[in-house]
file entry_8.cif (mmCIF, C-alpha atoms, pLDDT in the B column; chains and numbers go by the auth columns)
data_coords
loop_
_atom_site.group_PDB
_atom_site.id
_atom_site.type_symbol
_atom_site.label_atom_id
_atom_site.label_comp_id
_atom_site.label_asym_id
_atom_site.label_seq_id
_atom_site.Cartn_x
_atom_site.Cartn_y
_atom_site.Cartn_z
_atom_site.B_iso_or_equiv
_atom_site.auth_seq_id
_atom_site.auth_asym_id
ATOM 1 C CA MET A 1 116.649 -141.291 -41.687 68.00 1 A
ATOM 2 C CA GLY A 2 116.947 -137.575 -41.591 92.00 2 A
ATOM 3 C CA VAL A 3 115.833 -134.117 -40.722 95.00 3 A
ATOM 4 C CA ILE A 4 113.944 -132.066 -43.268 96.00 4 A
ATOM 5 C CA LEU A 5 114.494 -128.413 -42.390 97.00 5 A
ATOM 6 C CA ARG A 6 112.635 -125.668 -44.248 97.00 6 A
ATOM 7 C CA ASN A 7 112.904 -121.960 -43.597 97.00 7 A
ATOM 8 C CA LEU A 8 109.708 -120.334 -44.895 97.00 8 A
ATOM 9 C CA GLN A 9 110.207 -116.998 -43.138 97.00 9 A
ATOM 10 C CA LYS A 10 112.339 -113.993 -44.104 96.00 10 A
ATOM 11 C CA GLN A 11 111.996 -111.799 -41.010 96.00 11 A
ATOM 12 C CA VAL A 12 114.848 -113.336 -38.991 97.00 12 A
ATOM 13 C CA PRO A 13 118.249 -114.388 -40.357 95.00 13 A
ATOM 14 C CA LEU A 14 118.663 -118.061 -39.545 95.00 14 A
ATOM 15 C CA ARG A 15 121.764 -120.238 -39.532 93.00 15 A
ATOM 16 C CA ARG A 16 120.205 -123.434 -40.862 95.00 16 A
ATOM 17 C CA ALA A 17 123.427 -125.462 -40.707 95.00 17 A
ATOM 18 C CA ARG A 18 123.767 -124.758 -36.983 96.00 18 A
ATOM 19 C CA LEU A 19 120.116 -125.569 -36.281 96.00 19 A
ATOM 20 C CA ARG A 20 120.431 -128.802 -38.273 96.00 20 A
ATOM 21 C CA LYS A 21 123.569 -129.782 -36.318 96.00 21 A
ATOM 22 C CA ASP A 22 121.834 -129.011 -33.003 97.00 22 A
ATOM 23 C CA VAL A 23 118.778 -131.057 -34.016 97.00 23 A
ATOM 24 C CA GLU A 24 121.037 -133.972 -34.969 97.00 24 A
ATOM 25 C CA THR A 25 122.591 -133.779 -31.493 97.00 25 A
ATOM 26 C CA LEU A 26 119.124 -133.842 -29.907 97.00 26 A
ATOM 27 C CA ARG A 27 118.174 -136.853 -32.046 97.00 27 A
ATOM 28 C CA HIS A 28 121.347 -138.651 -30.958 96.00 28 A
ATOM 29 C CA ILE A 29 120.610 -137.978 -27.271 97.00 29 A
ATOM 30 C CA LEU A 30 117.069 -139.334 -27.624 96.00 30 A
ATOM 31 C CA GLY A 31 118.020 -142.313 -29.776 94.00 31 A
ATOM 32 C CA ILE A 32 115.611 -141.258 -32.515 95.00 32 A
ATOM 33 C CA HIS A 33 118.084 -141.028 -35.401 91.00 33 A
ATOM 34 C CA LYS A 34 116.244 -143.813 -37.272 92.00 34 A
ATOM 35 C CA PHE A 35 113.140 -141.605 -37.512 95.00 35 A
ATOM 36 C CA ASP A 36 112.486 -138.807 -39.978 96.00 36 A
ATOM 37 C CA LEU A 37 111.660 -135.415 -38.503 96.00 37 A
ATOM 38 C CA GLY A 38 110.338 -132.301 -40.222 98.00 38 A
ATOM 39 C CA ILE A 39 111.143 -128.813 -38.966 98.00 39 A
ATOM 40 C CA VAL A 40 109.515 -125.797 -40.576 98.00 40 A
ATOM 41 C CA CYS A 41 110.542 -122.265 -39.595 98.00 41 A
ATOM 42 C CA VAL A 42 107.750 -119.724 -40.041 98.00 42 A
ATOM 43 C CA ASP A 43 106.888 -116.101 -39.255 98.00 43 A
ATOM 44 C CA ASN A 44 104.332 -114.797 -36.749 98.00 44 A
ATOM 45 C CA HIS A 45 101.522 -114.626 -39.307 98.00 45 A
ATOM 46 C CA ARG A 46 101.889 -118.267 -40.348 98.00 46 A
ATOM 47 C CA ILE A 47 102.358 -119.702 -36.833 98.00 47 A
ATOM 48 C CA GLN A 48 99.305 -117.724 -35.682 98.00 48 A
ATOM 49 C CA GLN A 49 97.237 -119.185 -38.557 98.00 49 A
ATOM 50 C CA ILE A 50 98.325 -122.721 -37.686 98.00 50 A
ATOM 51 C CA ASN A 51 97.756 -122.136 -33.961 98.00 51 A
ATOM 52 C CA ASN A 52 94.246 -120.828 -34.674 98.00 52 A
ATOM 53 C CA ILE A 53 93.337 -123.730 -36.958 98.00 53 A
ATOM 54 C CA TYR A 54 94.617 -126.548 -34.745 96.00 54 A
ATOM 55 C CA ARG A 55 94.424 -125.163 -31.203 96.00 55 A
ATOM 56 C CA LYS A 56 91.772 -122.444 -31.559 97.00 56 A
ATOM 57 C CA LYS A 57 94.257 -119.890 -30.202 97.00 57 A
ATOM 58 C CA ASN A 58 94.496 -116.880 -32.501 98.00 58 A
ATOM 59 C CA VAL A 59 97.936 -115.761 -31.321 98.00 59 A
ATOM 60 C CA PRO A 60 101.487 -116.464 -32.470 97.00 60 A
ATOM 61 C CA THR A 61 103.534 -118.951 -30.446 97.00 61 A
ATOM 62 C CA ASP A 62 107.043 -120.382 -30.349 96.00 62 A
ATOM 63 C CA VAL A 63 106.450 -124.012 -31.347 97.00 63 A
ATOM 64 C CA LEU A 64 103.701 -126.305 -32.597 98.00 64 A
ATOM 65 C CA SER A 65 104.205 -130.054 -32.926 97.00 65 A
ATOM 66 C CA PHE A 66 102.286 -132.497 -35.087 97.00 66 A
ATOM 67 C CA PRO A 67 103.170 -136.064 -34.091 96.00 67 A
ATOM 68 C CA PHE A 68 102.976 -138.941 -36.554 96.00 68 A
ATOM 69 C CA TYR A 69 102.120 -141.220 -33.606 94.00 69 A
ATOM 70 C CA GLU A 70 99.248 -139.422 -31.908 88.00 70 A
ATOM 71 C CA ASP A 71 98.662 -141.882 -29.065 88.00 71 A
ATOM 72 C CA LEU A 72 102.277 -142.394 -28.033 92.00 72 A
ATOM 73 C CA ARG A 73 102.788 -142.580 -24.277 93.00 73 A
ATOM 74 C CA PRO A 74 105.558 -140.394 -22.822 94.00 74 A
ATOM 75 C CA GLY A 75 108.845 -142.228 -22.632 83.00 75 A
ATOM 76 C CA LYS A 76 107.788 -144.948 -25.092 89.00 76 A
ATOM 77 C CA MET A 77 109.442 -145.183 -28.485 90.00 77 A
ATOM 78 C CA PRO A 78 107.301 -145.715 -31.582 91.00 78 A
ATOM 79 C CA LEU A 79 107.409 -149.215 -33.062 88.00 79 A
ATOM 80 C CA PRO A 80 107.089 -148.716 -36.814 90.00 80 A
ATOM 81 C CA LEU A 81 106.036 -151.743 -38.825 86.00 81 A
ATOM 82 C CA HIS A 82 107.063 -150.315 -42.212 90.00 82 A
ATOM 83 C CA ARG A 83 109.702 -147.901 -43.526 87.00 83 A
ATOM 84 C CA ASP A 84 107.124 -145.199 -44.229 87.00 84 A
ATOM 85 C CA GLU A 85 106.153 -145.250 -40.531 91.00 85 A
ATOM 86 C CA GLN A 86 109.669 -144.240 -39.424 94.00 86 A
ATOM 87 C CA ASN A 87 108.532 -140.680 -39.009 95.00 87 A
ATOM 88 C CA LEU A 88 108.135 -138.747 -35.748 96.00 88 A
ATOM 89 C CA GLY A 89 106.177 -135.873 -37.248 97.00 89 A
ATOM 90 C CA ASP A 90 106.636 -132.174 -37.876 98.00 90 A
ATOM 91 C CA ILE A 91 107.608 -129.215 -35.727 98.00 91 A
ATOM 92 C CA PHE A 92 106.751 -125.646 -36.693 98.00 92 A
ATOM 93 C CA LEU A 93 109.067 -123.076 -35.116 98.00 93 A
ATOM 94 C CA GLY A 94 107.722 -119.543 -34.753 98.00 94 A
ATOM 95 C CA VAL A 95 111.124 -117.985 -35.410 98.00 95 A
ATOM 96 C CA GLU A 96 109.881 -114.394 -35.381 97.00 96 A
ATOM 97 C CA TYR A 97 108.086 -115.019 -32.053 97.00 97 A
ATOM 98 C CA VAL A 98 111.200 -116.684 -30.577 97.00 98 A
ATOM 99 C CA MET A 99 113.359 -113.756 -31.732 97.00 99 A
ATOM 100 C CA LYS A 100 111.056 -111.328 -29.904 96.00 100 A
ATOM 101 C CA GLN A 101 111.418 -113.437 -26.716 94.00 101 A
ATOM 102 C CA CYS A 102 115.188 -113.466 -27.153 95.00 102 A
ATOM 103 C CA ARG A 103 115.354 -109.682 -27.465 96.00 103 A
ATOM 104 C CA GLU A 104 113.158 -109.200 -24.387 95.00 104 A
ATOM 105 C CA GLU A 105 115.159 -111.654 -22.268 92.00 105 A
ATOM 106 C CA SER A 106 118.660 -111.116 -23.786 93.00 106 A
ATOM 107 C CA LEU A 107 118.898 -114.706 -25.034 94.00 107 A
ATOM 108 C CA ASP A 108 120.794 -116.162 -27.977 95.00 108 A
ATOM 109 C CA LEU A 109 118.404 -116.964 -30.854 96.00 109 A
ATOM 110 C CA HIS A 110 120.004 -120.209 -31.977 96.00 110 A
ATOM 111 C CA GLU A 111 120.393 -121.580 -28.459 96.00 111 A
ATOM 112 C CA THR A 112 116.769 -120.719 -27.741 96.00 112 A
ATOM 113 C CA LEU A 113 115.636 -122.364 -30.993 97.00 113 A
ATOM 114 C CA THR A 114 117.463 -125.526 -29.889 97.00 114 A
ATOM 115 C CA ALA A 115 115.672 -125.503 -26.512 97.00 115 A
ATOM 116 C CA VAL A 116 112.326 -124.840 -28.220 97.00 116 A
ATOM 117 C CA THR A 117 113.005 -127.679 -30.676 97.00 117 A
ATOM 118 C CA ALA A 118 113.740 -130.022 -27.753 97.00 118 A
ATOM 119 C CA HIS A 119 110.326 -129.053 -26.362 96.00 119 A
ATOM 120 C CA GLY A 120 108.721 -129.781 -29.718 97.00 120 A
ATOM 121 C CA ILE A 121 110.430 -133.173 -29.979 97.00 121 A
ATOM 122 C CA CYS A 122 109.120 -134.047 -26.512 96.00 122 A
ATOM 123 C CA HIS A 123 105.604 -133.426 -27.846 95.00 123 A
ATOM 124 C CA LEU A 124 106.326 -135.714 -30.816 97.00 124 A
ATOM 125 C CA LEU A 125 107.353 -138.380 -28.298 96.00 125 A
ATOM 126 C CA GLY A 126 104.060 -138.213 -26.426 96.00 126 A
ATOM 127 C CA TYR A 127 104.816 -135.659 -23.701 95.00 127 A
ATOM 128 C CA ARG A 128 102.124 -133.111 -22.842 93.00 128 A
ATOM 129 C CA HIS A 129 101.664 -130.326 -20.304 90.00 129 A
ATOM 130 C CA GLU A 130 97.917 -130.126 -19.805 90.00 130 A
ATOM 131 C CA THR A 131 98.152 -130.980 -16.087 92.00 131 A
ATOM 132 C CA GLU A 132 100.692 -130.193 -13.386 92.00 132 A
ATOM 133 C CA GLU A 133 101.803 -133.853 -13.355 94.00 133 A
ATOM 134 C CA GLU A 134 102.306 -133.886 -17.145 94.00 134 A
ATOM 135 C CA TRP A 135 104.135 -130.565 -17.008 92.00 135 A
ATOM 136 C CA THR A 136 106.504 -131.906 -14.331 92.00 136 A
ATOM 137 C CA GLU A 137 107.157 -135.077 -16.345 94.00 137 A
ATOM 138 C CA MET A 138 107.834 -133.095 -19.513 94.00 138 A
ATOM 139 C CA LEU A 139 110.061 -130.608 -17.723 94.00 139 A
ATOM 140 C CA GLN A 140 112.129 -133.472 -16.269 94.00 140 A
ATOM 141 C CA ARG A 141 112.576 -134.905 -19.768 96.00 141 A
ATOM 142 C CA GLU A 142 113.576 -131.528 -21.191 95.00 142 A
ATOM 143 C CA ASN A 143 116.043 -131.043 -18.333 95.00 143 A
ATOM 144 C CA TYR A 144 117.613 -134.421 -19.120 96.00 144 A
ATOM 145 C CA ILE A 145 117.808 -133.722 -22.860 97.00 145 A
ATOM 146 C CA LEU A 146 119.352 -130.285 -22.426 97.00 146 A
ATOM 147 C CA SER A 147 121.791 -131.405 -19.713 97.00 147 A
ATOM 148 C CA GLU A 148 123.041 -134.124 -22.097 98.00 148 A
ATOM 149 C CA TYR A 149 123.162 -131.580 -24.906 98.00 149 A
ATOM 150 C CA ASN A 150 125.197 -129.242 -22.679 97.00 150 A
ATOM 151 C CA ARG A 151 127.561 -132.060 -21.724 97.00 151 A
ATOM 152 C CA LEU A 152 128.181 -132.911 -25.384 97.00 152 A
ATOM 153 C CA THR A 153 128.480 -129.352 -26.686 96.00 153 A
ATOM 154 C CA GLY A 154 129.834 -127.318 -23.763 96.00 154 A
ATOM 155 C CA ARG A 155 126.823 -124.995 -23.889 95.00 155 A
ATOM 156 C CA SER A 156 124.451 -124.195 -21.031 93.00 156 A
ATOM 157 C CA LEU A 157 120.879 -124.451 -22.319 94.00 157 A
ATOM 158 C CA GLU A 158 117.882 -124.693 -20.019 91.00 158 A
ATOM 159 C CA PRO A 159 114.201 -125.391 -20.669 90.00 159 A
ATOM 160 C CA LEU A 160 112.127 -122.282 -21.164 79.00 160 A
ATOM 161 C CA MET A 161 109.900 -122.926 -18.131 64.00 161 A
ATOM 162 C CA LYS A 162 107.894 -119.708 -18.479 48.00 162 A
ATOM 163 C CA ARG A 163 106.921 -120.738 -21.996 45.00 163 A
ATOM 164 C CA CYS A 164 105.751 -124.168 -20.829 45.00 164 A
ATOM 165 C CA SER A 165 103.646 -122.833 -17.996 44.00 165 A
ATOM 166 C CA GLN A 166 101.991 -120.215 -20.237 44.00 166 A
ATOM 167 C CA ASP A 167 101.021 -122.763 -22.895 47.00 167 A
ATOM 168 C CA ARG A 168 99.241 -125.125 -20.513 43.00 168 A
#

call {"tool": "encode", "arguments": {"input": "entry_8.cif", "output": "structure tokens"}}
result
Amino acid sequence: MGVILRNLQKQVPLRRARLRKDVETLRHILGIHKFDLGIVCVDNHRIQQINNIYRKKNVPTDVLSFPFYEDLRPGKMPLPLHRDEQNLGDIFLGVEYVMKQCREESLDLHETLTAVTAHGICHLLGYRHETEEEWTEMLQRENYILSEYNRLTGRSLEPLMKRCSQDR
């Protein structure tokens, strides 16, 4: 199973090989390497269109997730019955939006994209942040994922808590 990574934006130079490697590390940590995962990098215009269509929010954002398993409970792994069900879903990364955040907060783009992707994968695995309890549960999962990522890579990524609390 694999990661399908498409870069449909031209505004921000993107190191796809590094992002792919980081996503593979996240998949390893979560034990989801047997599932396909789509990641699509888009500009502000496209992420705003998608956000407006699916969430009725006519603003750009950093990440939108579209899970294959819509009713998955947080912490539970999907149980596919057939090969074509070994799919977690798709994540759209608002790369231009993330780059703006990085400039404002002096953050590294590729490290931030990895943290944002971890957030998106949590959504594919059933985590939400509509309530304070859900937000706490999701934040704990992101903390675990990124602490394991840091242990394996020697980096020091953290969840983007401000982003989570604004999206609720």

call {"tool": "resolve_selection", "arguments": {"input": "entry_8.cif", "expression": "the PyMOL selection byres ((chain A and resi 86) around 8)", "output": "number ranges by chain"}}
result
A: 1, 34-36, 80, 82-85, 87-88

call {"tool": "axis_aligned_box", "arguments": {"input": "entry_8.cif", "around": "region 7-26 of chain A", "padding_each_side": "3 Å", "output": "AutoDock Vina command-line options"}}
result
--center_x 116.7 --center_y -122.9 --center_z -37.4 --size_x 20.1 --size_y 28.2 --size_z 21.0

call {"tool": "closest_residue", "arguments": {"input": "entry_8.cif", "among": "A:Glu158, A:Glu70, A:Glu111, A:Glu105", "to": "Asn143 (chain A)", "atoms": "all atoms listed in the file"}}
result
A:Glu158

call {"tool": "resolve_selection", "arguments": {"input": "entry_8.cif", "expression": "the PyMOL selection byres ((chain A and resi 101-104) around 12)", "output": "number ranges by chain"}}
result
A: 12, 60-62, 94-100, 105-113, 116, 160, 162-163

call {"tool": "write_last_selection", "arguments": {"input": "entry_8.cif", "atoms": "C-alpha atoms", "output": "PDB file, keeping the file's coordinate frame"}}
result
ATOM      1  CA  VAL A  12     114.848-113.336 -38.991  1.00 97.00           C
ATOM      2  CA  PRO A  60     101.487-116.464 -32.470  1.00 97.00           C
ATOM      3  CA  THR A  61     103.534-118.951 -30.446  1.00 97.00           C
ATOM      4  CA  ASP A  62     107.043-120.382 -30.349  1.00 96.00           C
ATOM      5  CA  GLY A  94     107.722-119.543 -34.753  1.00 98.00           C
ATOM      6  CA  VAL A  95     111.124-117.985 -35.410  1.00 98.00           C
ATOM      7  CA  GLU A  96     109.881-114.394 -35.381  1.00 97.00           C
ATOM      8  CA  TYR A  97     108.086-115.019 -32.053  1.00 97.00           C
ATOM      9  CA  VAL A  98     111.200-116.684 -30.577  1.00 97.00           C
ATOM     10  CA  MET A  99     113.359-113.756 -31.732  1.00 97.00           C
ATOM     11  CA  LYS A 100     111.056-111.328 -29.904  1.00 96.00           C
ATOM     12  CA  GLU A 105     115.159-111.654 -22.268  1.00 92.00           C
ATOM     13  CA  SER A 106     118.660-111.116 -23.786  1.00 93.00           C
ATOM     14  CA  LEU A 107     118.898-114.706 -25.034  1.00 94.00           C
ATOM     15  CA  ASP A 108     120.794-116.162 -27.977  1.00 95.00           C
ATOM     16  CA  LEU A 109     118.404-116.964 -30.854  1.00 96.00           C
ATOM     17  CA  HIS A 110     120.004-120.209 -31.977  1.00 96.00           C
ATOM     18  CA  GLU A 111     120.393-121.580 -28.459  1.00 96.00           C
ATOM     19  CA  THR A 112     116.769-120.719 -27.741  1.00 96.00           C
ATOM     20  CA  LEU A 113     115.636-122.364 -30.993  1.00 97.00           C
ATOM     21  CA  VAL A 116     112.326-124.840 -28.220  1.00 97.00           C
ATOM     22  CA  LEU A 160     112.127-122.282 -21.164  1.00 79.00           C
ATOM     23  CA  LYS A 162     107.894-119.708 -18.479  1.00 48.00           C
ATOM     24  CA  ARG A 163     106.921-120.738 -21.996  1.00 45.00           C
TER      25      ARG A 163
END

call {"tool": "closest_residue", "arguments": {"input": "entry_8.cif", "among": "A:Arg16, A:Pro67, A:Pro78, A:Phe92", "to": "Ile47 (chain A)", "atoms": "all atoms listed in the file"}}
result
A:Phe92

call {"tool": "atom_distance", "arguments": {"input": "entry_8.cif", "atom1": "CA of Trp135 (chain A)", "atom2": "CA of Leu37 (chain A)"}}
result
23.3 Å

call {"tool": "atom_distance", "arguments": {"input": "entry_8.cif", "atom1": "CA of Asp90 (chain A)", "atom2": "CA of Phe66 (chain A)"}}
result
5.2 Å

call {"tool": "atom_distance", "arguments": {"input": "entry_8.cif", "atom1": "CA of Gly89 (chain A)", "atom2": "CA of Phe68 (chain A)"}}
result
4.5 Å

call {"tool": "resolve_selection", "arguments": {"input": "entry_8.cif", "expression": "the PyMOL selection byres ((chain A and resi 146) around 8)", "output": "CSV table (one decimal) with C-alpha atoms, in the coordinates of the input"}}
result
chain,number,residue,atom,x,y,z
A,115,ALA,CA,115.7,-125.5,-26.5
A,118,ALA,CA,113.7,-130.0,-27.8
A,142,GLU,CA,113.6,-131.5,-21.2
A,143,ASN,CA,116.0,-131.0,-18.3
A,144,TYR,CA,117.6,-134.4,-19.1
A,145,ILE,CA,117.8,-133.7,-22.9
A,147,SER,CA,121.8,-131.4,-19.7
A,148,GLU,CA,123.0,-134.1,-22.1
A,149,TYR,CA,123.2,-131.6,-24.9
A,150,ASN,CA,125.2,-129.2,-22.7
A,157,LEU,CA,120.9,-124.5,-22.3
A,158,GLU,CA,117.9,-124.7,-20.0
A,159,PRO,CA,114.2,-125.4,-20.7

call {"tool": "closest_residue", "arguments": {"input": "entry_8.cif", "among": "A:Glu133, A:Met138, A:Asn58, A:Thr117", "to": "Leu26 (chain A)", "atoms": "only C-alpha atoms"}}
result
A:Thr117

call {"tool": "closest_residue", "arguments": {"input": "entry_8.cif", "among": "A:Gln48, A:Gly31, A:Thr114, A:Glu24", "to": "Arg155 (chain A)", "atoms": "only C-alpha atoms"}}
result
A:Thr114

call {"tool": "closest_residue", "arguments": {"input": "entry_8.cif", "among": "A:Ile29, A:Met77, A:Ile39, A:Leu139", "to": "Leu152 (chain A)", "atoms": "only C-alpha atoms"}}
result
A:Ile29

call {"tool": "decode", "arguments": {"input": "entry_8.cif", "residues": "region 57-67 of chain A", "atoms": "all heavy atoms", "output": "compact mmCIF listing (two decimals), in the first residue's frame"}}
result
# COMPACT_ATOMS: atom_id res chain seq x y z
N LYS A 57 -17.41 27.07 4.77
CA LYS A 57 -16.52 28.12 5.28
C LYS A 57 -15.74 28.65 4.08
O LYS A 57 -14.86 27.96 3.56
CB LYS A 57 -15.58 27.57 6.35
CG LYS A 57 -16.32 27.12 7.60
CD LYS A 57 -15.37 26.70 8.69
CE LYS A 57 -16.16 26.31 9.93
NZ LYS A 57 -15.30 26.12 11.08
N ASN A 58 -16.03 29.87 3.67
CA ASN A 58 -15.44 30.44 2.47
C ASN A 58 -14.12 31.15 2.78
O ASN A 58 -13.97 32.34 2.51
CB ASN A 58 -16.45 31.38 1.80
CG ASN A 58 -16.03 31.74 0.39
OD1 ASN A 58 -15.24 31.03 -0.23
ND2 ASN A 58 -16.56 32.84 -0.11
N VAL A 59 -13.21 30.39 3.36
CA VAL A 59 -11.87 30.90 3.70
C VAL A 59 -10.85 29.78 3.44
O VAL A 59 -11.19 28.61 3.52
CB VAL A 59 -11.79 31.34 5.18
CG1 VAL A 59 -12.67 32.55 5.45
CG2 VAL A 59 -12.15 30.20 6.12
N PRO A 60 -9.62 30.17 3.13
CA PRO A 60 -8.58 29.13 3.00
C PRO A 60 -8.26 28.54 4.38
O PRO A 60 -8.55 29.16 5.42
CB PRO A 60 -7.38 29.87 2.42
CG PRO A 60 -7.64 31.31 2.65
CD PRO A 60 -9.11 31.50 2.84
N THR A 61 -7.69 27.36 4.39
CA THR A 61 -7.31 26.69 5.63
C THR A 61 -6.06 25.86 5.38
O THR A 61 -5.59 25.76 4.24
CB THR A 61 -8.48 25.83 6.17
OG1 THR A 61 -8.16 25.37 7.48
CG2 THR A 61 -8.80 24.65 5.25
N ASP A 62 -5.53 25.25 6.43
CA ASP A 62 -4.29 24.50 6.29
C ASP A 62 -4.49 23.06 5.84
O ASP A 62 -3.70 22.52 5.09
CB ASP A 62 -3.46 24.54 7.58
CG ASP A 62 -4.24 24.10 8.81
OD1 ASP A 62 -5.44 23.78 8.70
OD2 ASP A 62 -3.65 24.11 9.91
N VAL A 63 -5.57 22.41 6.29
CA VAL A 63 -5.76 21.00 5.96
C VAL A 63 -7.25 20.64 5.96
O VAL A 63 -8.00 21.13 6.80
CB VAL A 63 -4.97 20.09 6.93
CG1 VAL A 63 -5.46 20.26 8.36
CG2 VAL A 63 -5.01 18.63 6.53
N LEU A 64 -7.62 19.82 5.00
CA LEU A 64 -8.96 19.24 4.95
C LEU A 64 -8.80 17.74 4.71
O LEU A 64 -8.01 17.32 3.86
CB LEU A 64 -9.79 19.85 3.81
CG LEU A 64 -10.15 21.31 3.97
CD1 LEU A 64 -10.76 21.86 2.67
CD2 LEU A 64 -11.10 21.52 5.13
N SER A 65 -9.53 16.94 5.48
CA SER A 65 -9.43 15.49 5.38
C SER A 65 -10.75 14.89 4.96
O SER A 65 -11.81 15.31 5.42
CB SER A 65 -9.02 14.90 6.74
OG SER A 65 -7.75 15.39 7.13
N PHE A 66 -10.66 13.90 4.09
CA PHE A 66 -11.84 13.20 3.58
C PHE A 66 -11.65 11.71 3.81
O PHE A 66 -11.03 11.02 2.99
CB PHE A 66 -12.04 13.53 2.10
CG PHE A 66 -12.32 14.98 1.88
CD1 PHE A 66 -11.29 15.88 1.63
CD2 PHE A 66 -13.62 15.47 1.96
CE1 PHE A 66 -11.54 17.24 1.44
CE2 PHE A 66 -13.89 16.82 1.78
CZ PHE A 66 -12.84 17.70 1.53
N PRO A 67 -12.16 11.21 4.95
CA PRO A 67 -11.93 9.81 5.31
C PRO A 67 -12.72 8.83 4.45
O PRO A 67 -13.86 9.10 4.08
CB PRO A 67 -12.38 9.73 6.77
CG PRO A 67 -13.30 10.88 6.96
CD PRO A 67 -12.89 11.95 5.98
